[in-house]
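J.: This one is work.txt, compact mmCIF, C-alpha atoms.
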# COMPACT_ATOMS: atom_id res chain seq x y z
CA MET N 1 128.02 88.07 125.36
CA THR N 2 127.37 91.53 123.89
CA LEU N 3 130.06 94.18 123.60
CA ARG N 4 128.36 96.14 126.39
CA ALA N 5 128.56 93.17 128.76
CA LEU N 6 132.15 92.53 127.72
CA ALA N 7 133.06 96.13 128.40
CA GLU N 8 131.41 96.09 131.83
CA SER N 9 133.14 92.85 132.80
CA THR N 10 136.56 94.23 131.86
CA GLY N 11 136.02 97.70 133.32
CA ALA N 12 136.41 99.32 129.92
CA ASP N 13 134.34 102.23 128.65
CA VAL N 14 130.79 101.22 127.86
CA LEU N 15 129.87 101.47 124.20
CA ALA N 16 127.05 103.87 123.39
CA TYR N 17 124.28 101.65 122.11
CA ILE N 18 121.14 103.43 120.96
CA PRO N 19 118.47 103.18 123.67
CA SER N 20 114.85 102.60 122.68
CA PRO N 21 112.23 104.98 124.07
CA ALA N 22 110.80 103.96 127.42
CA ARG N 23 107.30 104.06 125.95
CA GLY N 24 105.49 104.80 122.72
CA VAL N 25 102.17 106.00 124.10
CA TRP N 26 101.13 108.58 126.67
CA TYR N 27 97.68 109.09 128.14
CA LEU N 28 95.83 112.37 128.44
CA GLY N 29 93.13 111.17 130.77
CA PRO N 30 91.43 108.31 128.91
CA PHE N 31 92.83 109.36 125.54
CA PRO N 32 96.04 107.72 124.28
CA LEU N 33 98.62 109.91 122.53
CA ARG N 34 100.67 107.60 120.33
CA ALA N 35 104.09 108.52 118.98
CA TYR N 36 103.51 106.40 115.87
CA ALA N 37 100.39 108.36 114.96
CA LEU N 38 102.11 111.68 115.65
CA CYS N 39 104.99 110.76 113.34
CA ILE N 40 102.56 109.83 110.57
CA ILE N 41 100.67 113.11 110.96
CA ILE N 42 103.85 115.22 111.03
CA GLY N 43 105.07 113.40 107.92
CA ILE N 44 101.83 114.11 106.06
CA VAL N 45 101.97 117.80 107.00
CA ALA N 46 105.60 118.03 105.87
CA ALA N 47 104.80 116.32 102.56
CA ILE N 48 101.90 118.71 101.85
CA TRP N 49 104.01 121.75 102.78
CA LEU N 50 106.95 120.80 100.56
CA GLY N 51 104.69 119.61 97.75
CA GLU N 52 102.71 122.87 97.79
CA LYS N 53 105.88 124.95 97.53
CA ARG N 54 107.15 122.89 94.63
CA TRP N 55 103.78 122.85 92.84
CA GLN N 56 103.49 126.62 92.97
CA ALA N 57 107.13 127.03 91.89
CA ARG N 58 106.31 125.00 88.77
CA GLY N 59 103.38 127.27 87.99
CA GLY N 60 100.57 125.28 89.59
CA GLN N 61 97.55 126.77 91.32
CA ALA N 62 97.92 127.52 95.04
CA GLY N 63 96.12 125.14 97.39
CA MET N 64 95.89 122.32 94.88
CA VAL N 65 98.22 119.95 96.77
CA LEU N 66 96.04 120.15 99.88
CA ASP N 67 92.93 119.56 97.76
CA VAL N 68 94.41 116.43 96.19
CA ALA N 69 95.73 115.26 99.58
CA MET N 70 92.16 115.14 100.87
CA PHE N 71 91.70 112.20 98.50
CA ALA N 72 95.20 110.70 98.46
CA VAL N 73 95.84 110.51 102.23
CA PRO N 74 92.73 108.48 103.21
CA PHE N 75 93.27 106.16 100.24
CA GLY N 76 96.94 105.82 101.19
CA LEU N 77 96.19 104.92 104.81
CA ILE N 78 93.66 102.30 103.73
CA GLY N 79 96.03 100.90 101.11
CA GLY N 80 98.93 100.73 103.55
CA ARG N 81 96.84 98.85 106.09
CA LEU N 82 95.40 96.46 103.51
CA TYR N 83 98.89 95.59 102.27
CA HIS N 84 100.10 94.96 105.82
CA VAL N 85 97.13 92.72 106.66
CA ALA N 86 97.41 90.86 103.35
CA THR N 87 101.12 90.11 103.85
CA ASP N 88 100.71 89.23 107.55
CA TRP N 89 97.44 87.38 107.16
CA GLU N 90 98.13 84.69 109.77
CA LYS N 91 98.74 87.28 112.48
CA TYR N 92 95.09 88.32 112.24
CA PHE N 93 93.18 85.43 110.67
CA GLY N 94 95.43 82.41 111.21
CA PRO N 95 95.39 79.97 114.11
CA GLY N 96 95.50 81.96 117.34
CA GLY N 97 95.22 85.20 115.38
CA ARG N 98 93.41 88.35 116.47
CA PRO N 99 90.94 89.24 113.69
CA GLY N 100 89.59 92.19 115.67
CA ASP N 101 92.98 93.93 115.44
CA PHE N 102 93.19 94.11 111.66
CA TRP N 103 91.90 97.70 111.60
CA LYS N 104 93.99 99.02 114.53
CA VAL N 105 96.39 101.21 112.57
CA TRP N 106 97.76 102.86 115.71
CA GLN N 107 99.42 99.58 116.70
CA GLY N 108 101.71 99.86 113.68
CA GLY N 109 101.56 98.10 110.36
CA LEU N 110 101.29 100.29 107.26
CA GLY N 111 102.83 98.77 104.15
CA ILE N 112 104.39 101.53 102.05
CA TRP N 113 103.65 99.68 98.80
CA GLY N 114 99.93 99.63 99.46
CA ALA N 115 100.00 103.22 100.71
CA VAL N 116 101.69 104.54 97.56
CA ALA N 117 99.57 102.43 95.20
CA LEU N 118 96.16 103.27 96.65
CA GLY N 119 97.27 106.81 97.51
CA ALA N 120 98.20 107.32 93.86
CA PHE N 121 94.76 106.05 92.89
CA GLY N 122 93.16 108.62 95.19
CA ALA N 123 95.38 111.33 93.70
CA TRP N 124 94.36 110.22 90.19
CA ILE N 125 90.69 110.63 91.09
CA ALA N 126 91.35 114.12 92.44
CA CYS N 127 93.48 115.14 89.47
CA ARG N 128 90.76 114.03 87.05
CA MET N 129 88.23 116.03 89.06
CA TYR N 130 90.38 119.18 89.17
CA ARG N 131 91.66 118.58 85.62
CA ILE N 132 95.37 118.79 86.38
CA PRO N 133 98.04 116.38 85.06
CA LEU N 134 98.76 113.57 87.51
CA PRO N 135 102.38 112.96 86.32
CA ALA N 136 103.31 116.61 86.92
CA PHE N 137 101.60 116.51 90.31
CA GLY N 138 103.53 113.37 91.22
CA ASP N 139 106.80 115.05 90.33
CA ALA N 140 105.97 118.00 92.59
CA VAL N 141 105.10 115.89 95.65
CA ALA N 142 107.67 113.07 95.24
CA PRO N 143 110.39 114.55 97.50
CA GLY N 144 107.75 115.36 100.12
CA ILE N 145 106.46 111.79 100.14
CA LEU N 146 109.97 110.47 100.74
CA LEU N 147 110.42 113.03 103.53
CA ALA N 148 107.17 111.82 105.10
CA GLN N 149 108.45 108.24 104.97
CA ALA N 150 111.64 109.27 106.77
CA ILE N 151 109.65 110.97 109.54
CA GLY N 152 107.29 107.99 109.75
CA ARG N 153 110.21 105.66 110.52
CA LEU N 154 110.57 107.38 113.87
CA GLY N 155 107.20 105.88 114.73
CA ASN N 156 108.70 102.40 114.30
CA TYR N 157 111.45 103.44 116.70
CA PHE N 158 108.90 104.31 119.40
CA ASN N 159 107.01 101.09 118.76
CA GLN N 160 110.18 98.97 118.96
CA GLU N 161 109.39 97.33 115.62
CA LEU N 162 110.93 96.72 112.20
CA TYR N 163 114.41 96.23 113.60
CA GLY N 164 117.10 93.92 112.22
CA ARG N 165 119.14 90.98 113.42
CA GLU N 166 121.05 90.92 116.69
CA THR N 167 124.37 92.73 116.42
CA THR N 168 127.46 93.73 118.36
CA LEU N 169 127.93 96.97 116.42
CA PRO N 170 128.41 100.03 118.66
CA TRP N 171 125.32 101.68 117.15
CA GLY N 172 123.10 98.70 117.90
CA LEU N 173 119.56 99.36 119.14
CA GLU N 174 118.53 98.25 122.63
CA ILE N 175 115.14 96.52 122.79
CA TYR N 176 113.53 96.71 126.24
CA GLU N 177 110.89 94.70 128.02
CA ARG N 178 107.68 96.69 128.35
CA TYR N 179 104.80 96.10 130.75
CA SER N 180 101.30 97.42 131.29
CA GLY N 181 101.03 96.78 134.99
CA ALA N 182 102.16 93.17 135.40
CA THR N 183 101.26 92.20 131.84
CA PRO N 184 103.95 92.19 129.12
CA ASP N 185 102.96 94.74 126.49
CA MET N 186 105.67 95.65 123.99
CA MET N 187 103.43 98.05 122.07
CA ASN N 188 101.59 100.03 124.75
CA GLY N 189 103.55 99.32 127.90
CA THR N 190 106.36 101.07 129.77
CA SER N 191 109.96 99.89 129.80
CA SER N 192 111.21 97.93 132.77
CA GLY N 193 114.81 98.85 131.90
CA VAL N 194 115.65 95.22 131.13
CA ILE N 195 117.37 94.84 127.75
CA ILE N 196 116.10 91.89 125.75
CA LYS N 197 118.57 92.14 122.88
CA ILE N 198 120.76 94.48 120.81
CA VAL N 199 119.67 94.65 117.16
CA GLN N 200 120.41 96.42 113.88
CA PRO N 201 118.54 99.79 113.86
CA THR N 202 117.07 99.26 110.39
CA PHE N 203 114.55 102.04 111.00
CA LEU N 204 117.52 104.42 111.26
CA TYR N 205 119.18 103.07 108.10
CA GLU N 206 116.02 103.58 106.10
CA MET N 207 115.37 107.02 107.58
CA VAL N 208 118.87 108.22 106.64
CA TRP N 209 118.54 106.70 103.16
CA ASN N 210 115.21 108.46 102.64
CA LEU N 211 116.62 111.83 103.71
CA LEU N 212 119.53 111.40 101.31
CA GLY N 213 116.99 110.50 98.62
CA VAL N 214 115.08 113.74 99.26
CA ALA N 215 118.30 115.73 98.76
CA VAL N 216 119.12 113.84 95.55
CA LEU N 217 115.63 114.37 94.11
CA LEU N 218 115.67 118.10 94.85
CA TYR N 219 119.14 118.51 93.32
CA LEU N 220 118.44 116.51 90.16
CA ASP N 221 115.11 118.23 89.60
CA ARG N 222 116.67 121.66 89.95
CA LYS N 223 119.55 120.79 87.62
CA PHE N 224 117.77 118.82 84.89
CA ARG N 225 114.15 120.07 85.15
CA ILE N 226 112.61 116.58 85.19
CA GLY N 227 108.91 116.25 84.40
CA HIS N 228 106.10 114.05 83.02
CA GLY N 229 106.19 111.73 86.03
CA ARG N 230 109.85 110.81 85.66
CA LEU N 231 110.87 112.39 88.98
CA PHE N 232 108.18 110.37 90.77
CA ALA N 233 109.54 107.24 89.09
CA LEU N 234 113.03 108.20 90.27
CA TYR N 235 111.71 108.55 93.83
CA VAL N 236 110.21 105.07 93.65
CA ALA N 237 113.47 103.63 92.29
CA ILE N 238 115.59 105.30 94.99
CA TYR N 239 113.34 104.06 97.78
CA CYS N 240 113.11 100.51 96.44
CA PHE N 241 116.88 100.26 96.01
CA GLY N 242 117.51 101.16 99.64
CA ARG N 243 114.60 99.11 100.99
CA PHE N 244 115.88 95.99 99.23
CA PHE N 245 119.15 96.04 101.19
CA VAL N 246 117.53 97.06 104.47
CA GLU N 247 115.26 94.00 104.23
CA LEU N 248 118.35 91.78 104.02
CA LEU N 249 119.26 92.84 107.56
CA ARG N 250 115.95 91.73 109.06
CA ASP N 251 115.11 88.27 110.38
CA ASP N 252 111.67 88.83 111.92
CA GLU N 253 108.64 86.90 110.75
CA ALA N 254 107.59 87.75 107.21
CA THR N 255 105.79 86.25 104.24
CA HIS N 256 108.15 84.74 101.67
CA ILE N 257 107.87 84.21 97.91
CA ALA N 258 110.23 81.54 96.54
CA GLY N 259 112.29 81.86 99.72
CA ILE N 260 112.57 85.66 99.41
CA ARG N 261 111.01 88.10 101.86
CA ILE N 262 107.97 89.62 100.22
CA ASN N 263 109.24 93.17 100.73
CA SER N 264 112.53 92.32 99.03
CA PHE N 265 110.64 90.71 96.17
CA THR N 266 108.33 93.71 95.84
CA SER N 267 111.26 96.14 96.00
CA ALA N 268 113.02 94.43 93.12
CA VAL N 269 109.94 94.27 90.87
CA VAL N 270 108.83 97.85 91.54
CA PHE N 271 112.40 99.11 91.10
CA LEU N 272 112.61 97.65 87.60
CA CYS N 273 109.22 99.12 86.65
CA ALA N 274 110.22 102.56 87.95
CA VAL N 275 113.52 102.54 86.04
CA ALA N 276 111.72 101.50 82.84
CA TYR N 277 109.27 104.38 83.18
CA PHE N 278 112.08 106.86 83.87
CA VAL N 279 113.94 105.76 80.74
CA PHE N 280 111.04 105.59 78.30
CA ALA N 281 108.67 108.33 79.51
CA THR N 282 108.37 111.73 77.84
CA LYS N 283 111.43 113.91 78.47
CA GLY N 284 111.40 117.56 79.53
CA ARG N 285 108.97 119.28 81.88
CA GLU N 286 105.43 120.60 81.60
CA THR N 287 104.97 124.35 81.17
CA PRO N 288 103.06 126.38 83.80
CA GLU N 289 100.16 126.65 81.35
CA GLN N 290 99.90 122.86 81.19
CA LEU N 291 99.54 122.67 84.98
CA ARG N 292 96.50 124.91 85.14
CA PRO N 293 93.09 123.31 85.66
CA GLY N 294 91.29 122.48 82.42
CA ILE N 295 94.24 121.26 80.35
CA GLU N 296 93.48 117.80 79.02
CA ARG N 297 96.45 115.43 79.18
CA PRO N 298 96.40 112.28 77.00
CA TRP N 299 96.05 108.90 78.69
CA PRO N 300 99.30 106.95 79.38
CA TRP N 301 98.65 104.49 76.56
CA GLN N 302 98.22 107.25 73.96
CA LEU N 303 101.91 107.36 73.15
CA GLY N 304 101.68 109.56 70.06
CA ALA N 305 99.46 112.10 71.80
CA LEU N 306 101.78 112.11 74.83
CA ARG N 307 104.79 112.88 72.63
CA ALA N 308 102.88 115.74 71.01
CA PHE N 309 101.87 117.03 74.45
CA GLY N 310 105.49 116.97 75.60
CA ALA N 311 106.66 118.62 72.37
CA ALA N 312 104.16 121.44 72.82
CA GLY N 313 105.54 122.10 76.28
CA THR N 314 109.11 122.10 74.96
CA VAL N 315 108.29 124.62 72.21
CA ALA N 316 106.44 126.88 74.62
CA SER N 317 109.31 126.85 77.11
CA GLU N 318 111.87 128.02 74.50
CA PRO N 319 112.95 131.68 74.79
CA ALA N 320 110.89 133.89 72.49
CA GLY N 321 112.79 135.32 69.49
CA PRO N 322 112.33 138.75 67.90
CA ALA N 323 109.54 137.49 65.67
CA ALA N 324 107.45 136.53 68.70
CA SER N 325 107.21 140.16 69.78
CA GLU N 326 106.28 141.57 66.37
CA PRO N 327 102.55 140.72 66.41
CA GLU N 328 102.07 143.11 69.33
CA ALA N 329 103.58 145.96 67.30
CA ASP N 330 101.51 145.03 64.27
CA SER N 331 98.30 144.97 66.29
CA GLU N 332 98.38 148.76 66.44
CA SER N 333 97.86 149.00 62.65
CA PRO N 334 95.46 147.27 60.25
CA SER N 335 96.23 143.60 59.66
CA ASP N 336 97.04 143.99 55.97
CA GLY N 337 99.54 146.77 56.80
CA ASN N 338 98.57 149.23 54.00
CA GLU N 339 94.88 149.90 53.66
CA SER N 340 95.41 153.26 51.90
CA GLY N 341 96.77 151.57 48.78
CA GLU N 342 99.49 154.19 48.34
CA PRO N 343 102.92 152.67 47.76
CA GLY N 344 104.84 154.71 50.32
CA ASP N 345 102.12 155.30 52.85
CA ASN N 346 102.95 152.48 55.28
CA THR N 347 106.38 151.19 54.40
CA ALA N 348 107.44 150.36 57.93
CA GLU N 349 104.30 148.35 58.64
CA SER N 350 104.33 146.56 55.31
CA GLY N 351 107.98 145.67 55.75
CA ASP N 352 107.28 144.21 59.18
CA SER N 353 104.33 142.18 58.01
CA GLU N 354 106.40 139.74 55.96
CA PRO N 355 108.23 137.96 58.86
CA VAL N 356 104.90 137.46 60.63
CA ALA N 357 103.64 135.34 57.77
CA LYS N 358 106.79 133.21 57.88
CA ASP N 359 106.43 132.57 61.62
CA ASP N 360 102.75 131.63 61.57
CA VAL N 361 103.57 127.97 62.25
CA LYS N 362 105.63 128.78 65.32
CA LEU N 363 102.99 131.11 66.73
CA ASP N 364 100.29 128.53 66.16
CA LYS N 365 102.19 126.06 68.32
CA THR N 366 102.43 128.46 71.22
CA ASP N 367 98.79 129.45 70.88
CA LYS N 368 97.82 125.95 72.04
CA VAL N 369 99.56 126.57 75.32
CA ASP N 370 99.18 130.32 75.86
CA SER N 371 95.44 130.41 75.57
CA GLY N 372 93.81 133.77 74.80
CA LYS N 373 96.99 135.68 74.02
CA ASN N 374 96.53 135.88 70.27
CA ASP N 375 92.76 135.46 69.97
CA SER N 376 92.10 139.15 69.23
Could I get this structure in the form of structure tokens?

T.:
Amino acid sequence: MTLRALAESTGADVLAYIPSPARGVWYLGPFPLRAYALCIIIGIVAAIWLGEKRWQARGGQAGMVLDVAMFAVPFGLIGGRLYHVATDWEKYFGPGGRPGDFWKVWQGGLGIWGAVALGAFGAWIACRMYRIPLPAFGDAVAPGILLAQAIGRLGNYFNQELYGRETTLPWGLEIYERYSGATPDMMNGTSSGVIIKIVQPTFLYEMVWNLLGVAVLLYLDRKFRIGHGRLFALYVAIYCFGRFFVELLRDDEATHIAGIRINSFTSAVVFLCAVAYFVFATKGRETPEQLRPGIERPWPWQLGALRAFGAAGTVASEPAGPAASEPEADSESPSDGNESGEPGDNTAESGDSEPVAKDDVKLDKTDKVDSGKNDS
């Protein structure tokens, strides 16, 4: 007996369980309007909006996030579907399976691991085309991706899917019978009002965790100025940590590896990889000049070149000292400071020319980043 039934039988106040939506699809004539698809679209728009604001705030070119998204989003959708089909193979290609449904994304089933992996591959292609650094781009869009995941979980709520075990908790989720006419149809049908069971609202747990993760990422990035892909790694670690424990609350059918749900197994492995990258990757943050198209970033396996790239950004981001402003004053006079040859003719200029020679090394380092400033 559930707590609701117990309360009704005793005349006590009924506990406020969370009701599921009566339906997850509406029809505009012959065209279905699916809540799951709407949530995915709204999440993508939110991710692009937040990512664009953050990219421009870091010094990136306006419109670049949308340009990269034109590659990353299609790749991500394909990757998410492929992961879902691969991990639920028997549902589509096993005995009694429905192989014709493997491509029906609107029925639910997008694995986040495949979406992020193949989406990142699409973003890498775009970043190589536009010649912008992928790690810096990932840092800019990471909070937006997690926000999109939180919004996308509402789609699972409308589809009555990805819920946990049966529970008597007062915030349990009611799962209703749904029918299309006289035919049971949990995905596309309309609720009959009959409650099948009360379950853990794992979609809600993950949505709240993701929103908290967005806040944490934004705060840490603002406080510590994280760059070189480390904020993206932190996003992956935060999501995997929460997803691992959410999976422990589920008991629906799933593929297992060594007795462990495949999503729990994947969460643990990816979490460790993300933490390792965060610890060992280049510290600091790229300068605005390094985010502009045309800057060549070393490949991930070129460790020495990556350290030099990060060091150049650190030097360029340091506040300029008095010596950095002296070349502009000297540019008004001849470079050797005293072309007349008379000892007292240009004492001020000749006195100022000495520190410039001492700071040549420092200026050379910034020249690599601030292109064209000192080429005259």

J.: Residues within 8 Å of (114.6, 108.8, 87.9), file coordinates, counting all atoms listed in the file: what are they? Give the list as a list in words.

T.: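 These residues have at least one counted atom within 8 Å: Arg230, Leu231, Phe232, Ala233, Leu234, Tyr235, Ala237, Ile238, Ala274, Val275, Phe278 and Val279 of chain N.
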
J.: When you draw a straight line from CA of Lys197 (chain N) to CA of Gly97 (chain N), how long is it in Å?

T.: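 For CA of Lys197 (chain N) relative to CA of Gly97 (chain N), the distance reads 25.5 Å.
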
J.: Produce a table with one row for each residue of region 14-119 of chain N that has an atom at most 12 Å from any atom of region 142-164 of chain N, each row naming the nearest atom pair and its distance in Å at one decimal; use all atoms listed in the file; arrange rows by chain and rising residue number; format as a tab-separated table.

T.:
residue	atom	partner	partner_atom	distance
N:Ile18	CA	N:Tyr157	CA	10.6
N:Pro19	CA	N:Tyr157	CA	9.9
N:Ser20	CA	N:Tyr157	CA	6.9
N:Pro21	CA	N:Phe158	CA	5.8
N:Ala22	CA	N:Phe158	CA	8.2
N:Arg23	CA	N:Phe158	CA	6.7
N:Gly24	CA	N:Phe158	CA	4.8
N:Val25	CA	N:Phe158	CA	8.4
N:Trp26	CA	N:Phe158	CA	11.5
N:Arg34	CA	N:Gly155	CA	8.8
N:Ala35	CA	N:Gly155	CA	5.9
N:Tyr36	CA	N:Gly155	CA	3.9
N:Ala37	CA	N:Gly155	CA	7.3
N:Leu38	CA	N:Gly155	CA	7.8
N:Cys39	CA	N:Gly152	CA	5.1
N:Ile40	CA	N:Gly152	CA	5.1
N:Ile41	CA	N:Gly152	CA	8.5
N:Ile42	CA	N:Ile151	CA	7.3
N:Gly43	CA	N:Ala148	CA	3.9
N:Ile44	CA	N:Ala148	CA	5.9
N:Val45	CA	N:Ala148	CA	8.1
N:Ala46	CA	N:Ala148	CA	6.5
N:Ala47	CA	N:Gly144	CA	3.9
N:Ile48	CA	N:Gly144	CA	7.0
N:Trp49	CA	N:Gly144	CA	7.9
N:Leu50	CA	N:Gly144	CA	5.5
N:Gly51	CA	N:Gly144	CA	5.7
N:Glu52	CA	N:Gly144	CA	9.3
N:Lys53	CA	N:Gly144	CA	10.1
N:Arg54	CA	N:Gly144	CA	9.3
N:Trp55	CA	N:Ala142	CA	10.8
N:Val65	CA	N:Gly144	CA	11.1
N:Ala69	CA	N:Ile145	CA	11.3
N:Ala72	CA	N:Ile145	CA	11.4
N:Val73	CA	N:Ile145	CA	10.9
N:Gly76	CA	N:Ile145	CA	11.3
N:Val105	CA	N:Gly155	CA	12.0
N:Trp106	CA	N:Asn159	CA	9.9
N:Gln107	CA	N:Asn159	CA	8.0
N:Gly108	CA	N:Asn159	CA	7.4
N:Gly109	CA	N:Asn156	CA	9.2
N:Leu110	CA	N:Gly152	CA	10.1
N:Gly111	CA	N:Gln149	CA	11.0
N:Ile112	CA	N:Gln149	CA	8.4
N:Trp113	CA	N:Gln149	CA	11.6
N:Ala115	CA	N:Gln149	CA	10.7
N:Val116	CA	N:Ile145	CA	9.1
N:Gly119	CA	N:Ile145	CA	10.8

J.: State, in Å with one decimal place, the distance from CA of Phe244 (chain N) to CA of Asn263 (chain N).

T.: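 It comes out at 7.4 Å.
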
J.: For the atom pair CA of Val199 (chain N) and CA of Glu174 (chain N), what is the interatomic distance in Å to one decimal place?

T.: 6.6 Å

J.: Kindly indicate which residue among N:Pro201, N:Phe102, N:Arg165, N:Leu118 lies nearest to Asp252 (chain N), using all atoms listed in the file for the distances.

T.: N:Arg165

J.: Counting all atoms listed in the file, figure out which residue out of N:Leu33, N:Ile226, N:Val270, N:Met129 gets nearest to Tyr239 (chain N).

T.: N:Val270

J.: Determine the nearest neighbour of Cys273 (chain N) from the options N:Val236, N:Leu249, N:Leu212, N:Ile260, counting all atoms listed in the file.

T.: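 Distance minimum relative to Cys273 (chain N) lands on N:Val236.
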
J.: Could you check which of N:Ile125, N:Ile262, N:Val194, N:Met64 is closest to Leu248 (chain N), using all atoms listed in the file?

T.: N:Ile262

J.: Restricting the calculation to all atoms listed in the file, which member of N:Trp103, N:Ala281, N:Val68, N:Glu253 is positioned closest to Val85 (chain N)?

T.: N:Trp103

J.: Check the smallest atom-to-atom distance from each of N:Pro95, N:Ser267, N:Arg285, N:Thr167 to Asp251 (chain N) using only C-alpha atoms, then report the winner.

T.: N:Thr167

J.: As AutoDock Vina command-line options, please report the centre and edge lengths, rounded to one decimal in Å, of the axis-aligned box that holds all listed atoms of region 263-268 of chain N with 3 Å of padding on each of the six sides.

T.:
--center_x 110.7 --center_y 93.4 --center_z 96.9 --size_x 10.7 --size_y 11.4 --size_z 13.6

J.: Taking only N, CA, C and O atoms, show region 101-117 of chain N of the given structure as a CSV table (one decimal), in the first residue's frame.

T.:
chain,number,residue,atom,x,y,z
N,101,ASP,N,12.4,1.2,-35.6
N,101,ASP,CA,12.3,2.3,-34.7
N,101,ASP,C,13.7,2.9,-34.3
N,101,ASP,O,13.7,3.8,-33.5
N,102,PHE,N,14.7,2.3,-34.8
N,102,PHE,CA,16.1,2.7,-34.2
N,102,PHE,C,16.4,4.2,-34.5
N,102,PHE,O,17.1,4.8,-33.8
N,103,TRP,N,15.7,4.8,-35.6
N,103,TRP,CA,16.1,6.2,-35.9
N,103,TRP,C,15.0,7.2,-35.4
N,103,TRP,O,15.2,8.4,-35.6
N,104,LYS,N,14.0,6.7,-34.7
N,104,LYS,CA,12.9,7.5,-34.2
N,104,LYS,C,13.3,8.3,-32.9
N,104,LYS,O,13.0,7.9,-31.8
N,105,VAL,N,14.1,9.3,-33.1
N,105,VAL,CA,14.6,10.1,-32.0
N,105,VAL,C,13.5,10.7,-31.1
N,105,VAL,O,13.6,10.8,-29.9
N,106,TRP,N,12.4,11.1,-31.7
N,106,TRP,CA,11.3,11.7,-31.0
N,106,TRP,C,10.6,10.8,-30.0
N,106,TRP,O,9.9,11.3,-29.1
N,107,GLN,N,10.9,9.5,-30.1
N,107,GLN,CA,10.3,8.6,-29.1
N,107,GLN,C,11.2,8.5,-27.8
N,107,GLN,O,10.9,7.7,-26.9
N,108,GLY,N,12.2,9.3,-27.7
N,108,GLY,CA,13.1,9.3,-26.6
N,108,GLY,C,14.3,8.4,-26.9
N,108,GLY,O,14.3,7.6,-27.9
N,109,GLY,N,15.4,8.5,-26.1
N,109,GLY,CA,16.5,7.7,-26.3
N,109,GLY,C,17.7,8.4,-27.0
N,109,GLY,O,18.0,8.2,-28.1
N,110,LEU,N,18.3,9.3,-26.2
N,110,LEU,CA,19.6,10.0,-26.6
N,110,LEU,C,20.6,9.8,-25.5
N,110,LEU,O,20.4,10.4,-24.4
N,111,GLY,N,21.6,9.0,-25.7
N,111,GLY,CA,22.6,8.8,-24.7
N,111,GLY,C,23.6,10.0,-24.6
N,111,GLY,O,24.2,10.4,-25.6
N,112,ILE,N,23.7,10.6,-23.5
N,112,ILE,CA,24.5,11.8,-23.3
N,112,ILE,C,25.9,11.6,-23.6
N,112,ILE,O,26.6,12.4,-24.2
N,113,TRP,N,26.4,10.4,-23.4
N,113,TRP,CA,27.8,10.1,-23.6
N,113,TRP,C,28.1,10.1,-25.1
N,113,TRP,O,29.1,10.7,-25.5
N,114,GLY,N,27.3,9.5,-25.9
N,114,GLY,CA,27.5,9.6,-27.3
N,114,GLY,C,27.3,11.0,-27.9
N,114,GLY,O,28.0,11.4,-28.8
N,115,ALA,N,26.3,11.7,-27.3
N,115,ALA,CA,26.1,13.1,-27.8
N,115,ALA,C,27.3,14.0,-27.5
N,115,ALA,O,27.7,14.8,-28.4
N,116,VAL,N,27.9,13.9,-26.3
N,116,VAL,CA,29.0,14.8,-26.0
N,116,VAL,C,30.2,14.3,-26.9
N,116,VAL,O,30.9,15.2,-27.4
N,117,ALA,N,30.4,13.0,-27.0
N,117,ALA,CA,31.6,12.5,-27.7
N,117,ALA,C,31.6,12.9,-29.2
N,117,ALA,O,32.5,13.5,-29.7
